[in-house]
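Visitor: Structure provided below as structure tokens; questions to follow.
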Amino acid sequence: MSDFDPKTARAQVAIAGARGVTAGVLSDQPRKDVVRNGLFGSLLFLGIMIALAGLALLVGDNLIKGWPRLNMDLLTNGTSSLPANAGLHSAIIGTLWIMAFVILFIVPLGVGSAVFLEEFTGKESRFARAVEVNVQNLAAVPSIIYGLLGLAFIARGPLSLGFTVITASITLALLVLPVVILVSREAIRAVPPSIREGSMALGATRLQTVRRQILPAAIPGIATGIILAISRAIGETAPLIPLGAATFVTYDPSGPMSGFTAMPLVIFNWVKQPQEEFQVLAAAGIVVLLAVLIAMNSFAIWLRNRYEQRW
Amino acid sequence: MNSRKFFATTSALALLAVGVAACGSDDSTSSDGSSSTPTGLSGELRIDGSSTVGPLTQAVAEQFNADNPDVEISVGESGTGGGFEKFCAGETVMNDASRQIEPEEEALCKKGGVSYEEVQVANDALTVVLNNENPVTCLTVDQLAQIWGPDNPVSSWSDVTDLDADFSAEIERFGPGTDSGTFDYFTDAVNGEEGVQTKDYNNVGEDDNQTVTGVEGSEGGIGYFGYSYYTENEGNLKAAEIDGGDGCVAPSDETVQDGSYQPLGRELYTYINTDMLQSNDALQPFAEYYVDNAVDIAPQIGFIPMTEEQQSASASVVSGG
């Protein structure tokens with residue numbers, strides 16, 4: 001083909017002919033397919049647009065409604081029965097305390113369970129399968145059930161920790177633990193067997209393999225799971241209600257044994273109030289909560305991209 | 001990139017959250033301390049109960065706290081019944097209630113070894129609201145029962161007997177959920193038995209603002225809730241006058257206080273754990289402060305205050321307790 005010169009008239013006729021034939025053959029039969037493809041594509045596009053439109057509506061509506069109250073006062077005022085004085089301060093402090101302890105619980109427990117299930121039991125063993133099914137079931141249990149569990153066994157009963165920050169933390173940790181375990185297991189499973197086998201072949205023990213090879217390689221996935229779990233925990237209202245979360249406190253929660261309130265609860269309470277001003281306040285509160293969530297999710301994505309490894 | 005670094009980061013994150021939280025609380029203690037003179041009174045008051053009474057207790061607590069910054073007060077709103085469950089287990093010192101304690105709850109308190117006093121703190125008018133297009137102005141208890149009764153409630157306004165105006169729209173009902181003290185009180189007063197009501201209604205749960213929206217948007221709409229939800233939405237809705245046998249009476253501060261708004265005028269209470277009066281230094285002063293100031297605070301947040309007689313009755317319960 002080296003002596004083929006596309007500029008000659010003959011060559012151009014040939015190209016035009018070939019093009020015509022190709023177009024004729026390809027467009028003749030699949031016309032239906034072209035329509036179907038286009039239709040399918042636009043359906044998918046419509047799907048994503050509905051999801052995005054929902055989010056945009058939520059953010060936009062609350063931003064517009066809550067705008068007059070989106071200022072520093074919202075972050076520095078405590079709870080109040082007078083809408084003009086009300087703010088999120090004690091709720092934010094409460095949420096931070098709760099989340100701090102949630103992180104302390106779920107990281108070792110979640111990652112530990114995942115490592116045990118993936119590396120220290122036979123994957124096909126009956127025990128591992130039973131645990132897997134149960135963990136997946138637990139992930140689907142409605143959150144209010146965890147609230148009642150927390151009330152019966154943590155606030156009262158065997159642990160008797162009362163209606164405190166630590167009770168809320170343990171309950172929320174139990175609630176999101178299945179998510180952490182499931183995601184961490186996936187992350188560990190995604191580490192190629194060659195890495196594991198290579199490490200073992202060089203004489204490393206199981207513990208050494210996990211510590212030096214598996215965990216470092218799985219961290220991006222595990223971190224994503226943990227942050228998604230925290231994002232879920234931060235927005236949970238239902239399990240906190242039976243745990244005696246106050247909608248109003250005159251003080252800031254000051255430690256694990258302190259009484260508490262949390263952001264979603266205060267917002268939920270504001271929505272219920274008859275005064276119009278509280279609705280504005282609730283909208284502003286929702287914007288703050290969304291901002292915190294978006295920040296956390298962005299952090300998760302950044303973390304994953306930064307540490308991601310390809311083989 | 002190693003696992004140690006990752007775990008260091010996570011623990012740092014957790015510590016950071018603790019640090020920020022701790023800083024925040026230091027912050028406010030110092031600002032509270034400097035803004036008012038401490039009375040030396042300290043302690044913790046955990047209060048729970050009715051979401052109807054909750055806002056009043058919160059407002060009182062807020063003012064009390066300005067003078068007594070070292071008393072830590074929390075007010076939850078798990079409902080009258082939910083609150084009694086904690087109160088009778090000795091987990092709270094006070095329980096707000098939009099109705100009186102029930103026999104089962106009395107038994108629960110007895111079992112939990114909790115003795116208590118009932119203190120009235122305010123009044124409320126259960127308000128029946130109608131759409132502005134609705135020409136009907138007054139409803140008798142019997143007519144309410146025709147609309148809300150458990151068996152075959154009427155479906156159109158034209159089927160309600162002896163109305164004071166002709167109206168033919170379909171009836172659309174909006175009411176609170178069955179956990180609500182307001183539901184208990186209304187069903188008892190209208191249908192003669194607590195908890196009995198037609199199931200054909202829009203259950204708004206604890207969110208009375210949905211009733212406002214619903215009745216506003218439906219010509220034949222009818223709903224009921226506490227008086228403050230009506231005063232905040234006056235103009236968008238109208239309140240039906242209620243004929244309890246002695247003529248039509250509109251809900252208002254006066255008609256509730258003089259007892260003529262019947263049978264939907266009600267008293268709001270808080271229950272005080274009397275055993276804790278000795279062990280918790282802050283409880284007695286707070287209870288007295290509540291009764292002394294509830295009359296002034298109530299109107300500011302849409303409550304109907306106690307009459308002088310009611311207040312002195314409450315005051316004697318608190319000081320005698």
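Ligands are numbered from 1 in the order shown, chains are lettered A, B, ... in the order of the structure tokens, and residues start at 1 in each chain.
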Return as number ranges by chain the full set of residues in segment 32-269 of chain B whose backbone-based DSSP assignment is strand (DSSP E).
Guide: B: 43-49, 71-75, 94-97, 116-125, 127-130, 138-140, 172-175, 202-203, 221-225, 238-239, 241-243, 248-249, 265-269
Visitor: Considering only C-alpha atoms, can you say which of A:Leu43, A:Met99, A:Val249, A:Ala56 comes closest to chain B?
Guide: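 Among the listed residues, A:Val249 lies closest to chain B.
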Visitor: Please provide as a PDB file with C-alpha atoms, in the first residue's frame all residues within 10 Å of segment 197-211 of chain A, with the sequence filter that same-chain residues fewer than 2 positions apart are discarded (counting only C-alpha atoms).
Guide:
ATOM      1  CA  VAL A 115      -8.786  -8.931  58.584  1.00  0.00           C
ATOM      2  CA  GLU A 119      -6.938 -13.682  56.395  1.00  0.00           C
ATOM      3  CA  PHE A 120      -7.407 -15.877  59.442  1.00  0.00           C
ATOM      4  CA  ILE A 188      -8.598  -6.582  51.514  1.00  0.00           C
ATOM      5  CA  PRO A 192      -3.794  -9.454  44.549  1.00  0.00           C
ATOM      6  CA  PRO A 193      -3.018 -12.947  45.916  1.00  0.00           C
ATOM      7  CA  SER A 194       0.442 -12.692  44.390  1.00  0.00           C
ATOM      8  CA  ILE A 195       1.390 -10.062  46.980  1.00  0.00           C
ATOM      9  CA  GLN A 213       1.637  -5.906  52.865  1.00  0.00           C
ATOM     10  CA  ILE A 214      -2.107  -6.390  53.053  1.00  0.00           C
ATOM     11  CA  LEU A 215      -3.158  -3.472  55.239  1.00  0.00           C
ATOM     12  CA  PRO A 216      -1.016  -0.827  53.520  1.00  0.00           C
ATOM     13  CA  ALA A 217      -2.359  -1.943  50.162  1.00  0.00           C
ATOM     14  CA  ALA A 218      -5.972  -1.987  51.370  1.00  0.00           C
TER      15      ALA A 218
ATOM     16  CA  ASN B   2       1.936   2.582  55.468  1.00  0.00           C
ATOM     17  CA  SER B   3      -0.672   1.292  57.805  1.00  0.00           C
ATOM     18  CA  ARG B   4       0.891   2.920  60.825  1.00  0.00           C
TER      19      ARG B   4
END
Visitor: Do a neighbour search on segment 186-197 of chain B at 6 Å with only C-alpha atoms, toss out local chain neighbours closer than 5 positions, and write the hits as a list of chain:residue names.
Guide: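 The neighbour list is B:Val141, B:Ala145, B:Trp148, B:Gly149, B:Pro150.
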Visitor: I want to know what sits within 10 Å of Phe174 of chain B, based on only C-alpha atoms, with residues of the same chain fewer than 2 positions away left out; could you give that as a PyMOL selection string?
Guide: chain B and resi 129+171-172+176-177+200-205+208+210-215+221-225
Visitor: Can you write just those residues out, N, CA and C atoms, as an mmCIF file, in the first residue's frame?
Guide:
data_model
loop_
_atom_site.group_PDB
_atom_site.id
_atom_site.type_symbol
_atom_site.label_atom_id
_atom_site.label_comp_id
_atom_site.auth_asym_id
_atom_site.auth_seq_id
_atom_site.Cartn_x
_atom_site.Cartn_y
_atom_site.Cartn_z
ATOM 1 N N VAL B 129 -59.176 23.058 63.339
ATOM 2 C CA VAL B 129 -58.998 24.040 62.280
ATOM 3 C C VAL B 129 -59.656 23.589 60.984
ATOM 4 N N ILE B 171 -64.696 15.558 52.959
ATOM 5 C CA ILE B 171 -63.937 15.768 54.193
ATOM 6 C C ILE B 171 -62.559 15.126 54.063
ATOM 7 N N GLU B 172 -61.532 15.887 54.399
ATOM 8 C CA GLU B 172 -60.186 15.300 54.452
ATOM 9 C C GLU B 172 -59.599 15.568 55.835
ATOM 10 N N PRO B 176 -52.738 14.042 64.609
ATOM 11 C CA PRO B 176 -51.455 13.542 65.114
ATOM 12 C C PRO B 176 -51.445 12.026 65.223
ATOM 13 N N GLY B 177 -50.264 11.476 65.404
ATOM 14 C CA GLY B 177 -50.105 10.026 65.535
ATOM 15 C C GLY B 177 -50.600 9.527 66.883
ATOM 16 N N ASP B 200 -59.316 6.431 58.878
ATOM 17 C CA ASP B 200 -59.288 7.088 57.574
ATOM 18 C C ASP B 200 -58.874 8.547 57.724
ATOM 19 N N TYR B 201 -57.626 8.773 58.107
ATOM 20 C CA TYR B 201 -57.154 10.153 58.227
ATOM 21 C C TYR B 201 -55.668 10.225 57.891
ATOM 22 N N ASN B 202 -55.211 11.431 57.575
ATOM 23 C CA ASN B 202 -53.794 11.618 57.270
ATOM 24 C C ASN B 202 -53.035 11.740 58.583
ATOM 25 N N ASN B 203 -52.276 10.696 58.916
ATOM 26 C CA ASN B 203 -51.529 10.689 60.165
ATOM 27 C C ASN B 203 -50.240 11.500 59.987
ATOM 28 N N VAL B 204 -50.169 12.640 60.686
ATOM 29 C CA VAL B 204 -48.998 13.507 60.511
ATOM 30 C C VAL B 204 -47.937 13.222 61.571
ATOM 31 N N GLY B 205 -48.145 12.185 62.401
ATOM 32 C CA GLY B 205 -47.159 11.864 63.422
ATOM 33 C C GLY B 205 -47.052 12.979 64.437
ATOM 34 N N ASP B 208 -47.001 18.683 63.529
ATOM 35 C CA ASP B 208 -48.276 19.372 63.338
ATOM 36 C C ASP B 208 -48.254 20.371 62.182
ATOM 37 N N GLN B 210 -47.569 19.705 59.301
ATOM 38 C CA GLN B 210 -48.182 19.023 58.158
ATOM 39 C C GLN B 210 -49.688 19.194 58.151
ATOM 40 N N THR B 211 -50.287 19.267 59.340
ATOM 41 C CA THR B 211 -51.725 19.511 59.422
ATOM 42 C C THR B 211 -52.037 20.906 58.879
ATOM 43 N N VAL B 212 -51.206 21.864 59.242
ATOM 44 C CA VAL B 212 -51.383 23.232 58.741
ATOM 45 C C VAL B 212 -51.399 23.214 57.209
ATOM 46 N N THR B 213 -50.356 22.628 56.619
ATOM 47 C CA THR B 213 -50.249 22.587 55.156
ATOM 48 C C THR B 213 -51.423 21.842 54.542
ATOM 49 N N GLY B 214 -51.797 20.720 55.157
ATOM 50 C CA GLY B 214 -52.852 19.881 54.614
ATOM 51 C C GLY B 214 -54.199 20.577 54.601
ATOM 52 N N VAL B 215 -54.583 21.169 55.718
ATOM 53 C CA VAL B 215 -55.887 21.825 55.802
ATOM 54 C C VAL B 215 -55.905 23.083 54.934
ATOM 55 N N GLY B 221 -60.848 20.243 54.253
ATOM 56 C CA GLY B 221 -59.906 19.761 55.255
ATOM 57 C C GLY B 221 -60.322 20.108 56.679
ATOM 58 N N ILE B 222 -59.978 19.212 57.618
ATOM 59 C CA ILE B 222 -60.199 19.469 59.031
ATOM 60 C C ILE B 222 -59.049 18.824 59.794
ATOM 61 N N GLY B 223 -58.592 19.493 60.851
ATOM 62 C CA GLY B 223 -57.494 18.936 61.632
ATOM 63 C C GLY B 223 -57.521 19.494 63.035
ATOM 64 N N TYR B 224 -56.684 18.958 63.935
ATOM 65 C CA TYR B 224 -56.616 19.510 65.288
ATOM 66 C C TYR B 224 -55.197 19.463 65.823
ATOM 67 N N PHE B 225 -54.884 20.449 66.652
ATOM 68 C CA PHE B 225 -53.568 20.503 67.296
ATOM 69 C C PHE B 225 -53.589 21.521 68.426
#
Visitor: Point out the residue among B:Val53, B:Ala125, B:Val160, B:Val93 with the least atom-to-atom distance to Gln284 of chain B, counting only C-alpha atoms.
Guide: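 The answer is B:Val93, which sits nearest to Gln284 of chain B.
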Visitor: I need the residues of segment 56-170 of chain A that end up classed as alpha helix (DSSP H) by DSSP on the backbone, written out as a VMD selection string.
Guide: chain A and resid 56 to 66 72 to 76 89 to 115 126 to 139 143 to 149 165 to 170
Visitor: With C-alpha atoms kept, could you save the residues just selected as a PDB file, in the first residue's frame?
Guide:
ATOM      1  CA  ALA A  56     -29.908  20.547  43.589  1.00  0.00           C
ATOM      2  CA  LEU A  57     -33.485  21.235  44.711  1.00  0.00           C
ATOM      3  CA  LEU A  58     -32.665  20.251  48.278  1.00  0.00           C
ATOM      4  CA  VAL A  59     -29.538  22.391  48.444  1.00  0.00           C
ATOM      5  CA  GLY A  60     -31.044  25.311  46.535  1.00  0.00           C
ATOM      6  CA  ASP A  61     -34.313  25.381  48.449  1.00  0.00           C
ATOM      7  CA  ASN A  62     -32.616  25.250  51.843  1.00  0.00           C
ATOM      8  CA  LEU A  63     -29.958  27.726  50.804  1.00  0.00           C
ATOM      9  CA  ILE A  64     -32.600  30.257  49.743  1.00  0.00           C
ATOM     10  CA  LYS A  65     -34.850  29.627  52.739  1.00  0.00           C
ATOM     11  CA  GLY A  66     -32.040  29.497  55.270  1.00  0.00           C
ATOM     12  CA  MET A  72     -21.681  32.948  62.600  1.00  0.00           C
ATOM     13  CA  ASP A  73     -24.505  33.274  65.145  1.00  0.00           C
ATOM     14  CA  LEU A  74     -25.860  29.979  63.889  1.00  0.00           C
ATOM     15  CA  LEU A  75     -22.568  28.337  64.863  1.00  0.00           C
ATOM     16  CA  THR A  76     -22.015  30.147  68.158  1.00  0.00           C
ATOM     17  CA  HIS A  89     -23.348  25.423  68.948  1.00  0.00           C
ATOM     18  CA  SER A  90     -24.073  22.781  71.578  1.00  0.00           C
ATOM     19  CA  ALA A  91     -25.368  20.449  68.853  1.00  0.00           C
ATOM     20  CA  ILE A  92     -22.127  20.724  66.876  1.00  0.00           C
ATOM     21  CA  ILE A  93     -20.064  20.082  70.011  1.00  0.00           C
ATOM     22  CA  GLY A  94     -22.301  17.100  70.806  1.00  0.00           C
ATOM     23  CA  THR A  95     -21.939  15.692  67.306  1.00  0.00           C
ATOM     24  CA  LEU A  96     -18.127  16.088  67.453  1.00  0.00           C
ATOM     25  CA  TRP A  97     -17.900  14.257  70.780  1.00  0.00           C
ATOM     26  CA  ILE A  98     -20.101  11.434  69.532  1.00  0.00           C
ATOM     27  CA  MET A  99     -18.199  11.087  66.254  1.00  0.00           C
ATOM     28  CA  ALA A 100     -14.807  11.089  67.996  1.00  0.00           C
ATOM     29  CA  PHE A 101     -15.782   8.020  69.994  1.00  0.00           C
ATOM     30  CA  VAL A 102     -17.494   6.401  67.027  1.00  0.00           C
ATOM     31  CA  ILE A 103     -14.180   6.603  65.135  1.00  0.00           C
ATOM     32  CA  LEU A 104     -12.279   5.158  68.093  1.00  0.00           C
ATOM     33  CA  PHE A 105     -14.673   2.180  68.160  1.00  0.00           C
ATOM     34  CA  ILE A 106     -15.187   1.394  64.496  1.00  0.00           C
ATOM     35  CA  VAL A 107     -11.584   1.570  63.241  1.00  0.00           C
ATOM     36  CA  PRO A 108     -10.099  -1.218  65.358  1.00  0.00           C
ATOM     37  CA  LEU A 109     -13.302  -3.290  65.521  1.00  0.00           C
ATOM     38  CA  GLY A 110     -14.228  -2.971  61.849  1.00  0.00           C
ATOM     39  CA  VAL A 111     -10.763  -3.442  60.392  1.00  0.00           C
ATOM     40  CA  GLY A 112      -9.958  -6.192  62.892  1.00  0.00           C
ATOM     41  CA  SER A 113     -13.076  -8.152  61.981  1.00  0.00           C
ATOM     42  CA  ALA A 114     -12.404  -7.760  58.277  1.00  0.00           C
ATOM     43  CA  VAL A 115      -8.786  -8.931  58.584  1.00  0.00           C
ATOM     44  CA  ARG A 126     -19.144 -22.547  57.601  1.00  0.00           C
ATOM     45  CA  PHE A 127     -18.283 -20.030  60.279  1.00  0.00           C
ATOM     46  CA  ALA A 128     -17.114 -17.398  57.809  1.00  0.00           C
ATOM     47  CA  ARG A 129     -20.216 -17.850  55.684  1.00  0.00           C
ATOM     48  CA  ALA A 130     -22.542 -17.603  58.666  1.00  0.00           C
ATOM     49  CA  VAL A 131     -20.800 -14.440  59.790  1.00  0.00           C
ATOM     50  CA  GLU A 132     -20.941 -12.966  56.306  1.00  0.00           C
ATOM     51  CA  VAL A 133     -24.696 -13.517  55.985  1.00  0.00           C
ATOM     52  CA  ASN A 134     -25.269 -12.042  59.423  1.00  0.00           C
ATOM     53  CA  VAL A 135     -23.120  -9.002  58.807  1.00  0.00           C
ATOM     54  CA  GLN A 136     -25.001  -8.306  55.602  1.00  0.00           C
ATOM     55  CA  ASN A 137     -28.300  -8.679  57.432  1.00  0.00           C
ATOM     56  CA  LEU A 138     -27.143  -6.349  60.174  1.00  0.00           C
ATOM     57  CA  ALA A 139     -26.295  -3.705  57.589  1.00  0.00           C
ATOM     58  CA  SER A 143     -31.585   2.276  62.632  1.00  0.00           C
ATOM     59  CA  ILE A 144     -34.352   2.660  65.221  1.00  0.00           C
ATOM     60  CA  ILE A 145     -33.768  -0.988  66.197  1.00  0.00           C
ATOM     61  CA  TYR A 146     -30.205  -0.076  67.160  1.00  0.00           C
ATOM     62  CA  GLY A 147     -31.641   2.788  69.210  1.00  0.00           C
ATOM     63  CA  LEU A 148     -33.804   0.363  71.164  1.00  0.00           C
ATOM     64  CA  LEU A 149     -30.858  -2.015  71.546  1.00  0.00           C
ATOM     65  CA  VAL A 165     -22.371  10.749  74.801  1.00  0.00           C
ATOM     66  CA  ILE A 166     -20.662   7.379  75.167  1.00  0.00           C
ATOM     67  CA  THR A 167     -23.989   5.527  74.923  1.00  0.00           C
ATOM     68  CA  ALA A 168     -24.780   7.348  71.692  1.00  0.00           C
ATOM     69  CA  SER A 169     -21.280   6.624  70.358  1.00  0.00           C
ATOM     70  CA  ILE A 170     -21.434   2.895  71.072  1.00  0.00           C
TER      71      ILE A 170
END
Visitor: Restricting the calculation to only C-alpha atoms: of B:Gln63, B:Asn209, B:Asn273, B:Thr255, which residue gets closest to chain A?
Guide: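 Of B:Gln63, B:Asn209, B:Asn273, B:Thr255, the one nearest chain A is B:Asn209, counting only C-alpha atoms.
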Visitor: Residues of segment 175-265 of chain B that have any atom at most 12 Å from an atom of segment 104-122 of chain B: could you tabulate them with the shortest-distance atom pair and the distance in Å to one decimal, using only C-alpha atoms, ordered by chain and increasing number, as a tab-separated table?
Guide:
residue	atom	partner	partner_atom	distance
B:Tyr227	CA	B:Ala122	CA	11.8
B:Asp253	CA	B:Ala122	CA	10.8
B:Val256	CA	B:Ala122	CA	10.6
B:Gln257	CA	B:Ala122	CA	9.7
B:Gly265	CA	B:Ala122	CA	11.2
Visitor: Please save C-alpha atoms of the selected residues as a short mmCIF file (atom, residue, chain, number, x, y, z; two decimals), in the first residue's frame.
Guide:
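What ended up in out07.cif:
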data_model
loop_
_atom_site.label_atom_id
_atom_site.label_comp_id
_atom_site.auth_asym_id
_atom_site.auth_seq_id
_atom_site.Cartn_x
_atom_site.Cartn_y
_atom_site.Cartn_z
CA TYR B 227 -53.34 26.35 70.26
CA ASP B 253 -56.77 32.76 76.30
CA VAL B 256 -59.69 28.51 78.16
CA GLN B 257 -58.81 30.22 81.45
CA GLY B 265 -59.56 23.18 76.85
#
Visitor: How many Å lie between atom CA of Asn68 of chain B and atom CA of Asp296 of chain B, rounded to one decimal?
Guide: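 Pair atom CA of Asn68 of chain B / atom CA of Asp296 of chain B returns 19.0 Å.
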Visitor: Provide the atom CA of Gln278 of chain B to atom CA of Gly76 of chain B distance in Å, to one decimal place.
Guide: 23.1 Å
Visitor: Quick one: everything within 12 Å of Gly235 of chain B, counting only C-alpha atoms, minus sequence neighbours fewer than 6 positions away in the same chain. Send it as a PDB file with C-alpha atoms, in the first residue's frame.
Guide:
ATOM      1  CA  VAL B 129     -58.998  24.040  62.280  1.00  0.00           C
ATOM      2  CA  LEU B 130     -60.828  24.349  58.968  1.00  0.00           C
ATOM      3  CA  ASN B 131     -59.976  25.644  55.515  1.00  0.00           C
ATOM      4  CA  ASN B 132     -60.723  29.355  54.986  1.00  0.00           C
ATOM      5  CA  GLU B 133     -63.212  28.420  52.205  1.00  0.00           C
ATOM      6  CA  VAL B 212     -51.383  23.232  58.741  1.00  0.00           C
ATOM      7  CA  GLU B 216     -54.659  24.940  54.010  1.00  0.00           C
ATOM      8  CA  TYR B 229     -49.957  26.115  65.962  1.00  0.00           C
TER       9      TYR B 229
END
Visitor: Which residues, written as a ChimeraX atom specification, have at least one atom at most 10 Å from Val291 of chain B, with only C-alpha atoms counted and residues fewer than 6 positions away on the same chain left out?
Guide: /B:60,119-122,306,310-318
Visitor: Store the residues picked out above in a file with C-alpha atoms, as a PDB file, in the first residue's frame.
Guide:
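Saved file result-v3.pdb follows:
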ATOM      1  CA  VAL B  60     -37.965  28.587  81.626  1.00  0.00           C
ATOM      2  CA  VAL B 119     -47.793  20.560  88.971  1.00  0.00           C
ATOM      3  CA  GLN B 120     -49.829  22.517  86.452  1.00  0.00           C
ATOM      4  CA  VAL B 121     -47.686  24.883  84.369  1.00  0.00           C
ATOM      5  CA  ALA B 122     -49.955  26.251  81.610  1.00  0.00           C
ATOM      6  CA  MET B 306     -52.234  29.774  84.171  1.00  0.00           C
ATOM      7  CA  GLN B 310     -53.975  27.833  89.184  1.00  0.00           C
ATOM      8  CA  GLN B 311     -50.608  29.438  89.813  1.00  0.00           C
ATOM      9  CA  SER B 312     -51.030  29.653  93.565  1.00  0.00           C
ATOM     10  CA  ALA B 313     -52.214  26.034  93.611  1.00  0.00           C
ATOM     11  CA  SER B 314     -49.084  24.994  91.736  1.00  0.00           C
ATOM     12  CA  ALA B 315     -46.894  27.144  93.979  1.00  0.00           C
ATOM     13  CA  SER B 316     -48.231  25.489  97.108  1.00  0.00           C
ATOM     14  CA  VAL B 317     -47.601  22.038  95.644  1.00  0.00           C
ATOM     15  CA  VAL B 318     -44.008  22.945  94.851  1.00  0.00           C
TER      16      VAL B 318
END
Visitor: Using only C-alpha atoms, which residue out of B:Pro263, B:Gly226, B:Gly181, B:Gly83 lies closest to Pro274 of chain A?
Guide: B:Gly226
Visitor: Could you check which of A:Leu281, A:Ile286, A:Val271, A:Phe299 is closest to chain B, using only C-alpha atoms?
Guide: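 Residue with the minimum atom-to-atom distance to chain B: A:Val271.
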Visitor: Using only C-alpha atoms, which of the listed residues (B:Ile301, B:Leu283, B:Cys138, B:Leu237) sits closest to chain A?
Guide: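 The closest residue to chain A is B:Ile301.
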Visitor: What is the distance, in Å and to one decimal place, between atom CA of Phe268 of chain A and atom CA of Pro239 of chain A?
Guide: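 These two atoms are separated by 13.2 Å.
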